[in-house]
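Next comes my_file_27.csv, a file with CSV, N, CA and C atoms.
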chain,number,residue,atom,x,y,z
A,1,MET,N,106.0,110.5,150.7
A,1,MET,CA,106.3,109.7,149.5
A,1,MET,C,105.2,110.1,148.5
A,2,GLU,N,105.6,110.3,147.4
A,2,GLU,CA,104.6,110.7,146.3
A,2,GLU,C,104.1,109.5,145.6
A,3,GLN,N,102.8,109.3,145.4
A,3,GLN,CA,102.3,108.2,144.7
A,3,GLN,C,101.7,108.7,143.4
A,4,ARG,N,101.9,108.0,142.4
A,4,ARG,CA,101.4,108.4,141.1
A,4,ARG,C,100.4,107.4,140.6
A,5,ALA,N,99.3,107.9,140.1
A,5,ALA,CA,98.2,107.0,139.6
A,5,ALA,C,98.6,106.4,138.3
A,6,VAL,N,98.3,105.2,138.1
A,6,VAL,CA,98.7,104.5,136.9
A,6,VAL,C,97.6,104.8,135.9
A,7,THR,N,98.0,105.2,134.7
A,7,THR,CA,97.1,105.6,133.6
A,7,THR,C,97.0,104.4,132.7
A,8,LYS,N,96.0,104.5,131.8
A,8,LYS,CA,95.7,103.4,130.9
A,8,LYS,C,96.9,103.3,129.9
A,9,ALA,N,97.5,104.4,129.5
A,9,ALA,CA,98.7,104.4,128.7
A,9,ALA,C,99.9,103.7,129.3
A,10,ASP,N,100.0,103.9,130.6
A,10,ASP,CA,101.1,103.2,131.4
A,10,ASP,C,100.9,101.7,131.3
A,11,LEU,N,99.7,101.2,131.4
A,11,LEU,CA,99.4,99.8,131.4
A,11,LEU,C,99.6,99.2,130.0
A,12,GLN,N,99.3,100.0,129.0
A,12,GLN,CA,99.4,99.5,127.6
A,12,GLN,C,100.8,99.5,127.0
A,13,GLN,N,101.7,100.3,127.5
A,13,GLN,CA,103.0,100.4,127.0
A,13,GLN,C,103.7,99.0,126.9
A,14,PRO,N,103.8,98.2,128.0
A,14,PRO,CA,104.5,97.0,127.9
A,14,PRO,C,103.8,96.0,126.8
A,15,PHE,N,102.5,96.1,126.7
A,15,PHE,CA,101.8,95.3,125.8
A,15,PHE,C,102.0,95.7,124.3
A,16,SER,N,102.2,97.0,124.1
A,16,SER,CA,102.5,97.4,122.7
A,16,SER,C,103.9,96.9,122.3
A,17,SER,N,104.9,96.9,123.2
A,17,SER,CA,106.2,96.4,122.8
A,17,SER,C,106.1,94.9,122.6
A,18,LEU,N,105.3,94.2,123.4
A,18,LEU,CA,105.1,92.8,123.3
A,18,LEU,C,104.5,92.5,121.9
A,19,ARG,N,103.5,93.3,121.6
A,19,ARG,CA,102.8,93.1,120.3
A,19,ARG,C,103.7,93.3,119.1
A,20,GLU,N,104.6,94.2,119.2
A,20,GLU,CA,105.6,94.5,118.2
A,20,GLU,C,106.5,93.3,118.0
A,21,GLN,N,107.0,92.8,119.2
A,21,GLN,CA,107.9,91.6,119.1
A,21,GLN,C,107.1,90.4,118.5
A,22,ILE,N,105.9,90.2,118.8
A,22,ILE,CA,105.1,89.1,118.2
A,22,ILE,C,104.9,89.3,116.7
A,23,ARG,N,104.7,90.6,116.3
A,23,ARG,CA,104.6,90.8,114.9
A,23,ARG,C,105.9,90.5,114.1
A,24,GLN,N,107.0,90.9,114.7
A,24,GLN,CA,108.3,90.6,114.1
A,24,GLN,C,108.6,89.1,114.1
A,25,GLY,N,108.2,88.4,115.2
A,25,GLY,CA,108.4,86.9,115.2
A,25,GLY,C,107.5,86.3,114.1
A,26,ASP,N,106.3,86.8,114.0
A,26,ASP,CA,105.3,86.3,113.0
A,26,ASP,C,105.8,86.4,111.6
A,27,ALA,N,106.4,87.6,111.3
A,27,ALA,CA,106.9,87.9,110.0
A,27,ALA,C,108.1,87.0,109.7
A,28,SER,N,108.9,86.8,110.7
A,28,SER,CA,110.1,85.9,110.6
A,28,SER,C,109.7,84.5,110.3
A,29,LEU,N,108.7,84.0,111.0
A,29,LEU,CA,108.2,82.7,110.8
A,29,LEU,C,107.6,82.5,109.4
A,30,ARG,N,106.8,83.5,109.0
A,30,ARG,CA,106.2,83.4,107.6
A,30,ARG,C,107.3,83.3,106.6
A,31,GLU,N,108.4,84.1,106.7
A,31,GLU,CA,109.5,84.0,105.8
A,31,GLU,C,110.1,82.6,105.8
A,32,GLU,N,110.3,82.1,107.0
A,32,GLU,CA,110.9,80.7,107.1
A,32,GLU,C,110.0,79.7,106.4
A,33,ILE,N,108.7,79.8,106.7
A,33,ILE,CA,107.8,78.8,106.1
A,33,ILE,C,107.8,78.9,104.6
A,34,HIS,N,107.8,80.1,104.1
A,34,HIS,CA,107.9,80.3,102.6
A,34,HIS,C,109.2,79.7,102.0
A,35,ALA,N,110.3,79.9,102.7
A,35,ALA,CA,111.5,79.4,102.2
A,35,ALA,C,111.5,77.8,102.3
A,36,LEU,N,110.9,77.3,103.3
A,36,LEU,CA,110.8,75.8,103.4
A,36,LEU,C,109.9,75.2,102.3
A,37,GLY,N,108.8,75.9,102.0
A,37,GLY,CA,107.9,75.5,101.0
A,37,GLY,C,108.6,75.5,99.6
A,38,THR,N,109.4,76.5,99.4
A,38,THR,CA,110.2,76.6,98.1
A,38,THR,C,111.2,75.4,98.1
A,39,GLU,N,111.9,75.2,99.2
A,39,GLU,CA,112.9,74.1,99.2
A,39,GLU,C,112.2,72.7,99.0
A,40,ILE,N,111.0,72.5,99.6
A,40,ILE,CA,110.3,71.3,99.4
A,40,ILE,C,109.9,71.1,98.0
A,41,HIS,N,109.5,72.1,97.3
A,41,HIS,CA,109.1,72.0,95.9
A,41,HIS,C,110.3,71.7,95.0
A,42,LYS,N,111.5,72.2,95.3
A,42,LYS,CA,112.7,71.9,94.6
A,42,LYS,C,113.1,70.4,94.8
A,43,ILE,N,113.0,70.0,96.0
A,43,ILE,CA,113.4,68.6,96.3
A,43,ILE,C,112.4,67.6,95.7
A,44,ARG,N,111.1,68.0,95.7
A,44,ARG,CA,110.1,67.1,95.0
A,44,ARG,C,110.4,67.0,93.5
A,45,ALA,N,110.7,68.1,92.9
A,45,ALA,CA,111.0,68.1,91.5
A,45,ALA,C,112.2,67.2,91.2
A,46,ASP,N,113.2,67.3,92.0
A,46,ASP,CA,114.4,66.5,91.9
A,46,ASP,C,114.1,65.0,92.0
A,47,LEU,N,113.2,64.7,93.0
A,47,LEU,CA,112.8,63.3,93.2
A,47,LEU,C,112.1,62.7,92.0
A,48,ILE,N,111.2,63.6,91.4
A,48,ILE,CA,110.5,63.1,90.3
A,48,ILE,C,111.4,62.9,89.1
A,49,LYS,N,112.4,63.8,88.9
A,49,LYS,CA,113.3,63.6,87.8
A,49,LYS,C,114.1,62.3,88.0
A,50,TRP,N,114.6,62.0,89.2
A,50,TRP,CA,115.4,60.8,89.5
A,50,TRP,C,114.6,59.6,89.3
A,51,SER,N,113.3,59.6,89.8
A,51,SER,CA,112.4,58.5,89.6
A,51,SER,C,112.2,58.2,88.2
A,52,PHE,N,111.9,59.2,87.4
A,52,PHE,CA,111.7,59.0,86.0
A,52,PHE,C,112.9,58.4,85.3
A,53,GLY,N,114.1,58.9,85.6
A,53,GLY,CA,115.3,58.4,85.1
A,53,GLY,C,115.6,56.9,85.5
A,54,SER,N,115.2,56.6,86.7
A,54,SER,CA,115.4,55.2,87.2
A,54,SER,C,114.4,54.3,86.4
A,55,TRP,N,113.2,54.7,86.2
A,55,TRP,CA,112.2,53.9,85.5
A,55,TRP,C,112.7,53.7,84.0
A,56,VAL,N,113.1,54.7,83.4
A,56,VAL,CA,113.6,54.6,82.0
A,56,VAL,C,114.8,53.7,81.9
A,57,THR,N,115.7,53.8,82.8
A,57,THR,CA,116.9,52.9,82.8
A,57,THR,C,116.5,51.5,83.1
A,58,ALA,N,115.6,51.2,84.0
A,58,ALA,CA,115.1,49.9,84.3
A,58,ALA,C,114.4,49.3,83.1
A,59,VAL,N,113.5,50.0,82.5
A,59,VAL,CA,112.8,49.5,81.3
A,59,VAL,C,113.8,49.2,80.1
A,60,ALA,N,114.8,50.1,80.0
A,60,ALA,CA,115.8,49.9,78.9
A,60,ALA,C,116.6,48.6,79.2
A,61,ALA,N,117.0,48.4,80.4
A,61,ALA,CA,117.8,47.3,80.8
A,61,ALA,C,117.0,46.0,80.6
A,62,LEU,N,115.7,46.0,81.1
A,62,LEU,CA,114.9,44.8,81.0
A,62,LEU,C,114.6,44.5,79.5
A,63,SER,N,114.4,45.6,78.7
A,63,SER,CA,114.2,45.4,77.3
A,63,SER,C,115.4,44.7,76.6
A,64,GLY,N,116.6,45.2,77.0
A,64,GLY,CA,117.8,44.6,76.4
A,64,GLY,C,117.9,43.1,76.8
A,65,ILE,N,117.6,42.8,78.1
A,65,ILE,CA,117.7,41.4,78.5
A,65,ILE,C,116.7,40.6,77.8
A,66,MET,N,115.5,41.1,77.6
A,66,MET,CA,114.5,40.3,76.9
A,66,MET,C,114.9,40.1,75.5
A,67,LEU,N,115.4,41.1,74.8
A,67,LEU,CA,115.8,40.9,73.4
A,67,LEU,C,117.0,39.9,73.3
A,68,ALA,N,117.9,40.0,74.2
A,68,ALA,CA,119.0,39.0,74.2
A,68,ALA,C,118.5,37.6,74.4
A,69,LEU,N,117.5,37.4,75.3
A,69,LEU,CA,117.0,36.1,75.6
A,69,LEU,C,116.2,35.6,74.4
A,70,LEU,N,115.4,36.5,73.7
A,70,LEU,CA,114.7,36.1,72.6
A,70,LEU,C,115.6,35.7,71.4
A,71,ARG,N,116.6,36.5,71.2
A,71,ARG,CA,117.6,36.2,70.1
A,71,ARG,C,118.4,34.9,70.4
A,72,GLY,N,118.6,34.6,71.7
A,72,GLY,CA,119.4,33.4,72.0
A,72,GLY,C,118.5,32.2,71.9
A,73,ALA,N,117.1,32.3,72.1
A,73,ALA,CA,116.2,31.2,72.0
A,73,ALA,C,116.0,30.8,70.6
A,74,ARG,N,116.3,31.6,69.6
A,74,ARG,CA,116.1,31.2,68.2
A,74,ARG,C,117.1,30.3,67.7
What does the file become when written as structure tokens?
Amino acid sequence: MEQRAVTKADLQQPFSSLREQIRQGDASLREEIHALGTEIHKIRADLIKWSFGSWVTAVAALSGIMLALLRGAR
């Protein structure tokens, strides 16, 4: 039976393919994180717009009620 000595290159080959898979996974995760960050910014902007709209509507409604009450008290 012939025995072959294991070389350093033989030992590093599985690790190099594993490193490549980790690099690909890392790149994929970075893309996903960037996409999620962009989505969070969009949602945050929408929430701010809706909040501002709600505040303006509430102030307008309360102002109308106050004016109606003041006019009715005269």
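As for CA of Leu70 (chain A) and CA of Trp55 (chain A), they are spaced 22.1 Å apart.
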Using CA of Ala61 (chain A) and atom C of Ile43 (chain A) as the two end points, give the distance in Å to one decimal.
25.8 Å
In Å, with one decimal, what is the gap from atom C of Thr7 (chain A) to CA of Asp26 (chain A)?
28.0 Å
